[in-house]
>>> print(open('coords-v8.txt').read())   # compact mmCIF, C-alpha atoms and all ligand atoms
# COMPACT_ATOMS: atom_id res chain seq x y z
CA MET A 354 92.55 27.06 79.80
CA GLY A 355 93.09 28.98 76.58
CA LYS A 356 90.45 31.48 77.63
CA PHE A 357 92.14 31.94 81.00
CA ILE A 358 95.54 32.70 79.38
CA ALA A 359 93.85 35.16 77.04
CA PHE A 360 92.23 36.83 80.05
CA ILE A 361 95.57 37.07 81.89
CA MET A 362 97.16 38.55 78.79
CA LEU A 363 94.35 41.08 78.47
CA LEU A 364 94.78 41.99 82.12
CA ALA A 365 98.50 42.43 81.60
CA LEU A 366 97.87 44.65 78.59
CA ILE A 367 95.66 46.94 80.63
CA ALA A 368 97.62 46.79 83.85
CA THR A 369 101.11 47.36 82.50
CA PRO A 370 100.58 50.91 81.21
CA ILE A 371 98.64 51.87 84.33
CA GLY A 372 101.37 50.35 86.47
CA THR A 373 103.92 52.30 84.47
CA LEU A 374 101.94 55.50 84.95
CA TYR A 375 101.73 54.69 88.64
CA PHE A 376 105.48 54.53 88.93
CA LEU A 377 106.06 57.48 86.60
CA SER A 378 103.99 59.76 88.82
CA SER A 379 106.27 62.45 90.08
CA HIS A 380 106.85 64.74 93.02
CA THR A 381 106.98 68.51 92.74
CA LYS A 382 110.14 70.41 93.58
CA LEU A 383 109.12 73.63 95.31
CA ALA A 384 111.23 76.55 96.43
CA PHE A 385 110.59 80.13 97.50
CA ALA A 386 112.37 82.48 95.07
CA PRO A 387 113.54 84.26 97.12
CA GLN A 388 112.65 83.22 100.67
CA PRO A 389 110.30 85.91 102.07
CA LYS A 390 111.49 87.25 105.45
CA ALA A 391 108.82 89.80 106.19
CA ILE A 392 105.36 90.49 104.87
CA GLY A 393 103.19 93.57 105.17
CA ALA A 394 99.93 94.71 103.63
CA SER A 395 100.39 92.77 100.38
CA THR A 396 103.87 91.45 99.77
CA PRO A 397 104.74 89.70 96.49
CA VAL A 398 105.89 86.10 96.99
CA THR A 399 107.31 83.89 94.24
CA VAL A 400 107.43 80.10 94.37
CA HIS A 401 109.43 78.18 91.80
CA PHE A 402 108.14 74.72 90.92
CA ALA A 403 109.52 71.89 88.82
CA ASN A 404 107.22 69.04 87.80
CA PRO A 405 107.17 67.60 84.26
CA HIS A 406 103.50 66.71 84.67
CA GLY A 407 102.42 70.15 85.80
CA LEU A 408 100.21 70.94 88.79
CA ARG A 409 96.62 69.92 89.41
CA HIS A 410 96.22 72.02 92.54
CA PHE A 411 98.26 74.82 94.08
CA THR A 412 97.47 76.55 97.38
CA ALA A 413 99.13 78.99 99.73
CA PHE A 414 98.05 79.63 103.32
CA ILE A 415 99.11 82.02 106.04
CA GLU A 416 99.07 80.49 109.49
CA GLN A 417 99.23 82.58 112.67
CA ASN A 418 98.30 81.67 116.25
CA GLY A 419 96.59 78.48 115.11
CA ALA A 420 94.41 80.18 112.48
CA SER A 421 94.96 79.37 108.84
CA THR A 422 93.83 81.57 105.91
CA LEU A 423 93.82 80.54 102.26
CA ILE A 424 95.49 83.36 100.28
CA THR A 425 95.76 81.85 96.81
CA GLU A 426 94.54 78.77 94.98
CA THR A 427 94.81 77.55 91.38
CA LYS A 428 93.33 74.35 89.92
CA SER A 429 93.87 72.60 86.62
CA PRO A 430 91.73 69.77 85.15
CA ALA A 431 92.92 66.39 86.40
CA ASP A 432 95.13 64.58 83.91
CA ARG A 433 95.65 61.11 85.36
CA LEU A 434 96.49 59.16 82.21
CA ARG A 435 97.77 61.39 79.46
CA PHE A 436 100.45 63.13 81.48
CA TRP A 437 103.32 61.16 79.90
CA LEU A 438 102.76 63.37 76.88
CA ALA A 439 103.29 66.43 79.03
CA GLN A 440 106.68 68.05 79.57
CA VAL A 441 105.66 71.07 81.58
CA PRO A 442 108.62 73.45 81.94
CA ASP A 443 109.69 74.80 85.35
CA GLN A 444 107.58 77.79 86.32
CA ASP A 445 107.24 80.58 88.83
CA ILE A 446 103.97 81.14 90.63
CA HIS A 447 103.40 84.66 91.92
CA PHE A 448 100.99 85.63 94.64
CA SER A 449 100.69 88.25 97.37
CA ALA A 450 100.72 87.62 101.09
CA GLY A 451 99.74 90.08 103.79
CA SER A 452 96.93 91.68 105.74
CA LYS A 453 95.01 92.37 102.53
CA GLN A 454 94.75 88.63 101.84
CA ALA A 455 94.49 87.64 105.52
CA PRO A 456 92.65 90.51 107.29
CA ASN A 457 93.10 89.04 110.79
CA LEU A 458 96.88 89.08 110.53
CA LYS A 459 98.65 90.78 113.46
CA GLU A 460 102.19 92.05 113.86
CA GLY A 461 104.49 89.21 114.89
CA LYS A 462 105.45 85.83 113.50
CA ALA A 463 103.43 83.90 110.92
CA ARG A 464 104.03 80.99 108.58
CA ILE A 465 103.44 80.77 104.82
CA ILE A 466 102.54 77.25 103.72
CA VAL A 467 102.54 76.31 100.04
CA ALA A 468 101.16 73.00 98.73
CA ALA A 469 101.31 71.65 95.17
CA GLN A 470 99.66 68.50 93.82
CA SER A 471 101.21 66.77 90.80
CA ASN A 472 98.90 66.41 87.80
CA ASP A 473 99.36 62.66 87.23
CA LEU A 474 97.93 59.32 88.32
CA ARG A 475 98.93 59.32 91.96
CA GLY A 476 98.71 63.08 92.42
CA PHE A 477 101.38 63.46 95.07
CA THR A 478 101.06 66.58 97.20
CA ASP A 479 104.27 68.33 98.25
CA THR A 480 104.51 71.26 100.65
CA ILE A 481 107.02 73.85 101.77
CA SER A 482 106.67 76.48 104.44
CA THR A 483 108.61 79.37 105.87
CA GLU A 484 108.36 81.60 108.91
CA VAL A 485 107.93 85.33 108.26
CA ASP A 486 107.70 88.50 110.31
CA VAL A 487 104.46 90.39 109.86
CA VAL A 488 105.20 94.13 109.85
CA LEU A 489 102.19 96.37 109.31
CA ARG A 490 103.67 99.76 110.25
CA PRO A 491 104.46 101.97 107.25
CA PRO A 492 108.14 102.46 106.33
CA SER A 493 110.22 105.15 107.95
CA VAL A 494 113.87 106.02 107.54
CA VAL A 495 116.56 107.92 109.46
CA ALA A 496 119.88 108.98 107.91
CA ASP A 497 123.27 109.35 109.60
CA GLY A 498 124.40 112.62 111.16
CA PHE A 499 127.62 113.04 109.17
CA GLN A 500 128.53 116.06 107.06
CA HIS A 501 128.46 114.90 103.46
CA TYR A 502 130.78 116.98 101.32
CA ILE A 503 130.18 115.90 97.75
CA ASN A 504 132.20 116.66 94.64
CA GLN A 505 130.21 117.07 91.45
CA GLY A 506 131.06 113.95 89.43
CA GLY A 507 132.17 112.15 92.59
CA SER A 508 130.97 109.52 95.06
CA GLU A 509 129.56 109.58 98.58
CA MET A 510 128.54 107.08 101.23
CA VAL A 511 125.58 107.36 103.60
CA LEU A 512 124.50 105.13 106.48
CA PHE A 513 120.83 104.97 107.38
CA THR A 514 118.25 102.92 109.21
CA PRO A 515 114.92 101.99 107.66
CA SER A 516 112.13 100.57 109.83
CA GLY A 517 108.48 99.55 109.56
CA TYR A 518 107.37 97.50 106.60
CA TRP A 519 109.77 98.19 103.70
CA THR A 520 110.90 96.12 100.73
CA GLU A 521 113.38 98.49 99.06
CA ALA A 522 115.72 101.06 100.61
CA GLY A 523 118.54 103.16 99.24
CA VAL A 524 119.55 106.61 98.05
CA ARG A 525 117.90 108.68 95.38
CA VAL A 526 119.61 111.49 93.49
CA SER A 527 117.08 113.07 91.15
CA HIS A 528 115.80 110.10 89.10
CA ASP A 529 118.70 107.76 89.90
CA THR A 530 118.37 105.25 92.72
CA TYR A 531 121.21 103.42 94.46
CA SER A 532 120.82 100.15 96.32
CA SER A 533 121.72 99.75 99.97
CA PHE A 534 123.31 96.86 101.79
CA PRO A 535 123.03 95.57 105.37
CA ILE A 536 125.97 96.27 107.70
CA GLY A 537 126.82 95.09 111.16
CA GLY A 538 124.01 92.57 111.46
CA GLY A 539 121.48 95.19 112.69
CA ALA A 540 118.89 97.29 110.92
CA GLN A 541 121.46 99.82 109.71
CA ARG A 542 122.32 99.91 106.01
CA LEU A 543 124.99 101.44 103.79
CA ALA A 544 124.61 102.98 100.36
CA LEU A 545 127.24 104.38 98.05
CA PHE A 546 125.92 106.84 95.54
CA ALA A 547 127.21 108.89 92.64
CA TYR A 548 126.67 112.59 92.10
CA PRO A 549 126.87 112.58 88.29
CA TRP A 550 129.13 115.16 86.62
CA ASP A 551 126.13 116.82 84.92
CA MET A 552 123.72 116.77 87.92
CA PRO A 553 122.50 120.30 88.77
CA ILE A 554 124.24 121.13 92.07
CA ASP A 555 121.04 122.09 93.85
CA THR A 556 119.85 118.46 93.62
CA ALA A 557 119.36 117.08 97.15
CA PRO A 558 120.14 113.39 97.59
CA VAL A 559 117.73 111.58 99.93
CA VAL A 560 117.56 108.19 101.60
CA PHE A 561 114.32 106.32 101.05
CA ALA A 562 112.52 103.21 102.22
CA ARG A 563 109.43 102.00 100.42
CA ASN A 564 107.30 98.92 100.30
CA SER A 565 105.57 96.92 97.63
CA ALA A 566 102.27 98.53 98.60
CA GLY A 567 103.73 101.79 97.25
CA THR A 568 104.19 103.61 100.57
CA GLU A 569 107.46 105.51 100.74
CA ALA A 570 109.37 107.46 103.38
CA THR A 571 112.34 109.70 102.60
CA ALA A 572 114.82 111.58 104.76
CA ARG A 573 117.35 114.25 103.95
CA PHE A 574 120.86 114.41 105.34
CA TRP A 575 123.36 117.23 105.64
CA PHE A 576 125.27 117.74 102.39
CA LYS A 577 127.21 120.32 100.43
CA VAL A 578 128.09 119.95 96.77
CA PHE A 579 131.29 121.39 95.37
CA PRO A 580 130.78 122.30 91.73
CA LYS A 581 133.55 121.20 89.39
CA LYS A 582 134.69 122.61 86.09
CA PHE A 583 135.06 120.01 83.41
CA ARG A 584 137.38 120.51 80.45
CA ARG A 585 136.33 120.94 76.86
CA ARG A 586 138.63 119.27 74.38
CA ASP A 587 138.84 119.15 70.60
CA LEU A 588 139.75 115.76 69.24
CA ALA A 589 140.87 115.80 65.61
CA ILE A 590 140.00 112.64 63.71
CA ASP A 591 141.24 111.75 60.23
CA ASP A 592 140.55 108.99 57.70
CA LYS A 593 143.47 106.93 58.95
CA PHE A 594 142.00 106.89 62.49
CA LEU A 595 138.49 106.23 61.21
CA ASP A 596 139.69 103.37 59.02
CA LYS A 597 141.52 101.75 61.94
CA VAL A 598 138.79 101.98 64.59
CA VAL A 599 135.73 101.52 62.38
CA ASN A 600 137.03 98.43 60.62
CA GLN A 601 138.24 96.92 63.86
CA ILE A 602 135.03 97.48 65.82
CA ASP A 603 132.58 96.86 62.97
CA PRO A 604 134.48 94.86 60.29
CA SER A 605 131.37 93.71 58.40
CA GLY A 606 129.77 97.18 58.14
CA SER A 607 129.47 99.18 54.96
CA GLY A 608 128.87 102.79 53.99
CA HIS A 609 130.76 105.99 54.58
CA LEU A 610 133.49 105.72 57.22
CA LEU A 611 132.39 108.86 59.06
CA THR A 612 128.75 107.70 59.19
CA ARG A 613 129.83 104.35 60.58
CA PHE A 614 132.11 106.08 63.10
CA LEU A 615 129.30 108.35 64.33
CA LYS A 616 127.08 105.32 64.88
CA ILE A 617 129.81 103.59 66.90
CA ASN A 618 130.58 106.76 68.87
CA GLY A 619 126.89 107.34 69.66
CA GLU A 620 124.69 104.25 69.56
CA MET A 621 127.39 101.71 70.38
CA ARG A 622 128.81 103.89 73.17
CA ARG A 623 125.35 104.06 74.79
CA ALA A 624 124.84 100.29 74.44
CA ASN A 625 128.29 99.55 75.89
CA ASN A 626 127.68 101.94 78.79
CA LYS A 627 124.37 100.19 79.47
CA THR A 628 126.21 96.84 79.61
CA LEU A 629 128.65 98.35 82.12
CA ALA A 630 125.84 99.87 84.19
CA ASP A 631 123.99 96.55 84.29
CA LEU A 632 127.07 94.95 85.88
CA ARG A 633 126.24 96.93 89.07
CA LEU A 634 124.00 94.03 90.05
CA LYS A 635 127.00 91.67 90.17
CA THR A 636 128.36 93.11 93.36
CA ALA A 637 129.47 91.75 96.73
CA GLU A 638 127.55 92.78 99.84
CA LYS A 639 130.76 93.94 101.51
CA PHE A 640 133.90 95.89 100.63
CA LEU A 641 136.45 93.51 99.15
CA TRP A 642 139.34 95.98 99.66
CA THR A 643 141.11 97.91 102.41
CA GLU A 644 143.83 100.06 100.76
CA PRO A 645 143.30 103.09 98.47
CA PHE A 646 142.93 102.37 94.76
CA LEU A 647 146.02 102.38 92.55
CA GLN A 648 146.52 104.67 89.60
CA LEU A 649 148.46 102.98 86.80
CA ALA A 650 152.11 103.51 87.79
CA ASN A 651 154.26 105.98 85.83
CA SER A 652 151.42 106.82 83.51
CA LYS A 653 150.82 110.07 81.66
CA VAL A 654 147.26 111.40 81.92
CA GLU A 655 146.02 111.99 78.38
CA SER A 656 142.35 112.58 79.22
CA GLU A 657 140.53 113.27 82.47
CA PHE A 658 137.13 112.39 83.84
CA ALA A 659 134.22 114.14 82.11
CA ASP A 660 136.27 115.87 79.41
CA VAL A 661 133.67 117.11 76.95
CA ARG A 662 135.08 116.09 73.61
CA SER A 663 134.32 117.72 70.29
CA TYR A 664 135.25 115.48 67.39
CA ILE A 665 136.75 117.55 64.53
CA TYR A 666 136.86 115.99 61.07
CA LYS A 667 138.26 117.99 58.12
CA GLY A 668 138.00 121.18 60.16
CA LYS A 669 134.37 120.68 61.18
CA LYS A 670 132.81 119.54 64.44
CA VAL A 671 131.00 116.27 63.66
CA ASP A 672 130.20 114.92 67.14
CA GLN A 673 130.39 115.56 70.87
CA GLN A 674 130.70 112.97 73.66
CA VAL A 675 131.70 113.03 77.29
CA HIS A 676 134.72 110.97 78.28
CA LEU A 677 133.81 109.34 81.60
CA GLY A 678 137.21 107.99 82.54
CA PHE A 679 140.95 108.62 82.57
CA ASP A 680 143.20 107.82 79.62
CA LEU A 681 146.53 106.70 81.03
CA ALA A 682 149.52 106.03 78.78
CA VAL A 683 152.78 104.33 79.74
CA THR A 684 154.47 102.39 76.95
CA ALA A 685 152.99 100.00 74.42
CA HIS A 686 151.74 96.77 76.02
CA ALA A 687 152.40 97.98 79.56
CA ALA A 688 151.20 95.75 82.40
CA VAL A 689 147.68 96.68 83.52
CA VAL A 690 147.13 95.90 87.20
CA ALA A 691 144.04 95.59 89.38
CA ALA A 692 143.47 98.97 91.10
CA ASN A 693 142.36 97.12 94.21
CA ASP A 694 141.28 93.77 95.62
CA GLY A 695 138.12 92.48 94.01
CA LYS A 696 136.50 89.99 91.72
CA VAL A 697 136.55 90.03 87.90
CA ILE A 698 132.97 90.31 86.63
CA TRP A 699 133.77 90.98 82.95
CA ALA A 700 136.82 90.03 80.85
CA ALA A 701 135.86 90.15 77.18
CA PRO A 702 135.56 92.51 74.19
CA LEU A 703 133.06 95.33 74.74
CA GLY A 704 132.55 97.51 71.64
CA ILE A 705 134.26 100.89 71.94
CA TYR A 706 136.17 99.73 75.03
CA GLY A 707 137.89 96.92 73.08
CA ASN A 708 139.16 94.12 75.30
CA CYS A 709 137.74 95.17 78.63
CA ILE A 710 137.94 94.08 82.27
CA VAL A 711 135.53 95.07 85.03
CA VAL A 712 136.42 94.35 88.66
CA ASP A 713 133.84 94.45 91.44
CA HIS A 714 135.00 95.88 94.77
CA GLY A 715 131.74 95.47 96.68
CA TYR A 716 128.72 97.66 97.60
CA GLY A 717 128.28 98.58 93.92
CA LEU A 718 131.81 100.02 93.50
CA GLN A 719 133.55 98.76 90.33
CA SER A 720 136.65 99.59 88.25
CA ILE A 721 136.82 99.37 84.44
CA TYR A 722 139.87 98.82 82.20
CA GLY A 723 139.57 99.35 78.43
CA HIS A 724 141.51 99.00 75.14
CA LEU A 725 143.67 96.10 76.39
CA SER A 726 145.81 94.14 73.92
CA ALA A 727 145.79 91.01 76.10
CA LEU A 728 143.65 89.64 78.94
CA ALA A 729 145.28 87.52 81.65
CA VAL A 730 142.19 87.04 83.83
CA LYS A 731 138.72 85.63 83.31
CA GLU A 732 135.29 86.31 84.74
CA GLY A 733 135.06 84.98 88.29
CA ASP A 734 138.76 85.40 89.12
CA VAL A 735 139.57 86.95 92.47
CA VAL A 736 142.29 89.58 92.02
CA LYS A 737 144.61 91.33 94.46
CA ARG A 738 145.58 95.01 94.41
CA GLY A 739 148.49 95.43 91.97
CA GLN A 740 148.01 92.04 90.32
CA GLU A 741 148.64 92.07 86.56
CA MET A 742 145.40 91.46 84.66
CA GLY A 743 146.54 92.09 81.09
CA LYS A 744 148.47 94.45 78.79
CA SER A 745 147.55 97.92 77.57
CA GLY A 746 146.69 98.30 73.92
CA SER A 747 144.54 100.16 71.43
CA THR A 748 141.60 97.80 70.85
CA GLY A 749 138.19 99.44 70.45
CA LEU A 750 137.88 103.19 70.01
CA ALA A 751 141.51 104.14 70.66
CA GLY A 752 144.01 105.97 68.48
CA GLY A 753 147.11 104.80 70.33
CA ASP A 754 148.17 102.43 73.09
CA HIS A 755 146.74 103.52 76.47
CA LEU A 756 144.58 102.32 79.35
CA HIS A 757 141.07 103.72 79.62
CA TYR A 758 140.41 103.57 83.37
CA SER A 759 137.08 104.42 84.89
CA MET A 760 135.03 103.64 87.99
CA GLN A 761 131.34 103.33 88.62
CA VAL A 762 129.09 103.42 91.67
CA GLY A 763 125.73 101.72 91.26
CA GLY A 764 126.32 101.72 87.49
CA VAL A 765 126.98 105.49 87.27
CA GLU A 766 130.50 106.53 86.24
CA VAL A 767 132.35 108.59 88.83
CA ASN A 768 135.63 110.44 89.04
CA PRO A 769 138.29 107.90 90.12
CA VAL A 770 140.51 110.56 91.76
CA GLU A 771 138.61 110.25 95.05
CA TRP A 772 139.22 106.49 95.20
CA TRP A 773 142.92 107.05 94.48
CA ASP A 774 143.07 109.41 97.49
CA ALA A 775 143.74 107.84 100.92
CA HIS A 776 142.49 110.99 102.73
CA TRP A 777 139.23 111.08 100.86
CA ILE A 778 138.65 107.39 101.63
CA LYS A 779 139.44 107.97 105.31
CA ASP A 780 137.05 110.93 105.62
CA HIS A 781 134.20 109.55 103.52
CA VAL A 782 134.35 105.82 104.18
CA ARG A 783 136.74 104.50 106.80
CA ASP A 784 136.08 106.91 109.70
CA ARG A 785 132.32 106.49 109.35
CA PHE A 786 132.53 102.81 110.17
CA LYS A 787 134.53 103.67 113.31
CA GLN A 788 132.08 106.28 114.56
CA GLN A 789 129.13 103.95 114.51
ZN ZN A 801 139.35 106.77 77.30
>>> encode(input="coords-v8.txt", output="structure tokens")
Amino acid sequence: MGKFIAFIMLLALIATPIGTLYFLSSHTKLAFAPQPKAIGASTPVTVHFANPHGLRHFTAFIEQNGASTLITETKSPADRLRFWLAQVPDQDIHFSAGSKQAPNLKEGKARIIVAAQSNDLRGFTDTISTEVDVVLRPPSVVADGFQHYINQGGSEMVLFTPSGYWTEAGVRVSHDTYSSFPIGGGAQRLALFAYPWDMPIDTAPVVFARNSAGTEATARFWFKVFPKKFRRRDLAIDDKFLDKVVNQIDPSGSGHLLTRFLKINGEMRRANNKTLADLRLKTAEKFLWTEPFLQLANSKVESEFADVRSYIYKGKKVDQQVHLGFDLAVTAHAAVVAANDGKVIWAAPLGIYGNCIVVDHGYGLQSIYGHLSALAVKEGDVVKRGQEMGKSGSTGLAGGDHLHYSMQVGGVEVNPVEWWDAHWIKDHVRDRFKQQ
């Protein structure tokens, strides 16, 4: 009897951990990131998986007309018992899907099927699948037939239709590319682009469509660039100004005031402008506005777009920067309103811009408000045209109380005057939707 109890206890000692492992075995959460819609010669596909025990076996197949082709497979050594030690973080698995991996693939519909087996005792297999269009023709692109009159330093909109197998389509101006967005539910797309203030005026913007295999098509469209003269301004700076701005922006710094100022005016300005440019990705895939943009009411223009500023200290030029916005002064702590309907994507200090707000208006068009003394909105807020968002001030690189107002298209700063102008908006944006 004693022996029997001992045997039962021994059995329990062995069985309990295995039973526990049995019940601890987990499923794999799988998701396409993002969901592929079309594949071509060799299209990158990413699958996100979450399984604390990791994967023992991962496969992806393409299925078309009843035929199934293995396109990727990874195996890990089986780990049936020790997996409770494992805490495998979520991971992305990358592979390519297309006619290169499945040579018999034809144009039409196909299905990508992904299976993942958990690396634990029971080794559950989970699968996901998605239907894709197989497009093997190379990309091609056709632009609209409008006359594109472009102001140097300004913005422009083009409509175009890419076809064939493409994964990226937009506008290119010299080395800058601008994203495009679908409109109207068809194949047609819209792109806003900037013609930077310092772009040589013989630069031809083109629409492009290219695919992940590296094949690209471009098309020109009719355009004419109007050159603009930009002002050159001397800006005298003294120790009082340096002391105020340098110690406010960089309170813990040390060294000569002028040296610290030059670093802020150069390095920090570039870093802040990069932060602003990166916000282009936080944009709505539609226009969030209908009326022209508002210029701050009753304001005096102290600086214009693309003023080339020479900084004069003790009679000597010590720096030069380009001012890519408008400085608008009313009275101290004047109400700063949203120039148009949109969504707040930044409401926080930003280096030389002090307390700063950025509002997204859709399709990569965004307005920027700097040097505020108070913020009355937060990131994520939806704002209406004319809604108060804060008070003007002199935070950041500002001598006196004013609003620094600027706008960007695809992360490139543009002259706001066009967006303040109802006629310009009618000719360059509104009428083009009607004529489609
Ligand atoms: Zn300014």
>>> residues_near_ligand(input="coords-v8.txt", ligand="ligand ZN 801 (chain A)", cutoff="7 Å", atoms="all atoms listed in the file", output="PyMOL selection string")
chain A and resi 656+676+678-680+757-758
>>> closest_atom_pairs(input="coords-v8.txt", of="range 594-643 of chain A", to="range 739-749 of chain A", cutoff="8 Å", atoms="all atoms listed in the file", output="JSON lines")
{"residue": "A:Val598", "atom": "CA", "partner": "A:Gly749", "partner_atom": "CA", "distance": 6.4}
{"residue": "A:Gln601", "atom": "CA", "partner": "A:Gly749", "partner_atom": "CA", "distance": 7.1}
{"residue": "A:Ile602", "atom": "CA", "partner": "A:Gly749", "partner_atom": "CA", "distance": 5.9}
>>> atom_distance(input="coords-v8.txt", atom1="CA of Asn625 in chain A", atom2="CA of Glu732 in chain A")
17.4 Å
>>> closest_residue(input="coords-v8.txt", among="A:Lys667, A:Arg475, A:Lys696, A:Lys390", to="Ile590 in chain A", atoms="only C-alpha atoms")
A:Lys667
>>> residues_around(input="coords-v8.txt", residues="Glu509 in chain A", least_positions_apart="6", cutoff="10 Å", atoms="only C-alpha atoms", output="list in words")
His501, Tyr502, Ile503, Ala544, Leu545, Phe546, Ala547, Tyr548, Phe576, Val762, Glu771, Ile778, His781 and Val782 of chain A
>>> atom_distance(input="coords-v8.txt", atom1="CA of Thr684 in chain A", atom2="CA of Lys597 in chain A")
19.8 Å
>>> closest_residue(input="coords-v8.txt", among="A:Thr568, A:Ser516, A:Thr628, A:Ser508", to="Tyr531 in chain A", atoms="all atoms listed in the file")
A:Ser508
>>> closest_atom_pairs(input="coords-v8.txt", of="range 671-751 of chain A", to="range 646-655 of chain A", cutoff="10 Å", atoms="all atoms listed in the file", output="Markdown table")
| residue | atom | partner | partner_atom | distance |
| --- | --- | --- | --- | --- |
| A:Phe679 | CA | A:Val654 | CA | 6.9 |
| A:Asp680 | CA | A:Glu655 | CA | 5.2 |
| A:Leu681 | CA | A:Val654 | CA | 4.8 |
| A:Ala682 | CA | A:Lys653 | CA | 5.1 |
| A:Val683 | CA | A:Ser652 | CA | 4.7 |
| A:Thr684 | CA | A:Ser652 | CA | 8.5 |
| A:Ala687 | CA | A:Leu649 | CA | 9.6 |
| A:Ala688 | CA | A:Leu649 | CA | 8.9 |
| A:Val689 | CA | A:Leu649 | CA | 7.1 |
| A:Val690 | CA | A:Leu649 | CA | 7.2 |
| A:Ala691 | CA | A:Leu647 | CA | 7.8 |
| A:Ala692 | CA | A:Leu647 | CA | 4.5 |
| A:Asn693 | CA | A:Phe646 | CA | 5.3 |
| A:Asp694 | CA | A:Phe646 | CA | 8.8 |
| A:Ser720 | CA | A:Phe646 | CA | 9.5 |
| A:Arg738 | CA | A:Leu647 | CA | 7.6 |
| A:Gly739 | CA | A:Leu647 | CA | 7.4 |
>>> closest_atom_pairs(input="coords-v8.txt", of="range 466-523 of chain A", to="range 399-415 of chain A", cutoff="8 Å", atoms="only C-alpha atoms", output="CSV")
residue,atom,partner,partner_atom,distance
A:Ile466,CA,A:Phe414,CA,5.1
A:Val467,CA,A:Ala413,CA,4.3
A:Ala468,CA,A:Thr412,CA,5.3
A:Ala469,CA,A:Phe411,CA,4.5
A:Gln470,CA,A:His410,CA,5.1
A:Ser471,CA,A:Leu408,CA,4.7
A:Asn472,CA,A:Arg409,CA,4.5
A:Asp473,CA,A:His406,CA,6.3
A:Gly476,CA,A:Arg409,CA,7.8
>>> closest_residue(input="coords-v8.txt", among="A:Leu718, A:Ile665, A:Leu423, A:Ala391", to="Glu484 in chain A", atoms="all atoms listed in the file")
A:Ala391
>>> atom_distance(input="coords-v8.txt", atom1="CA of Gln761 in chain A", atom2="CA of Pro535 in chain A")
20.2 Å
>>> residues_around(input="coords-v8.txt", residues="Leu634 in chain A", least_positions_apart="2", cutoff="10 Å", atoms="only C-alpha atoms", output="list in words")
Ser532, Ala630, Asp631, Leu632, Thr636, Ala637, Asp713, Tyr716, Gly717, Gly763 and Gly764 of chain A
>>> closest_residue(input="coords-v8.txt", among="A:Leu756, A:Lys737, A:Val661, A:Pro456", to="Asn708 in chain A", atoms="all atoms listed in the file")
A:Leu756
>>> residues_around(input="coords-v8.txt", residues="range 559-562 of chain A", least_positions_apart="6", cutoff="6 Å", atoms="all atoms listed in the file", output="PyMOL selection string")
chain A and resi 519+521-525+569-573
>>> closest_residue(input="coords-v8.txt", among="A:Thr612, A:Ser452, A:Ser663, A:Thr643", to="Trp772 in chain A", atoms="only C-alpha atoms")
A:Thr643
>>> residues_around(input="coords-v8.txt", residues="Cys709 in chain A", least_positions_apart="5", cutoff="6 Å", atoms="only C-alpha atoms", output="PyMOL selection string")
chain A and resi 700-702+722-723
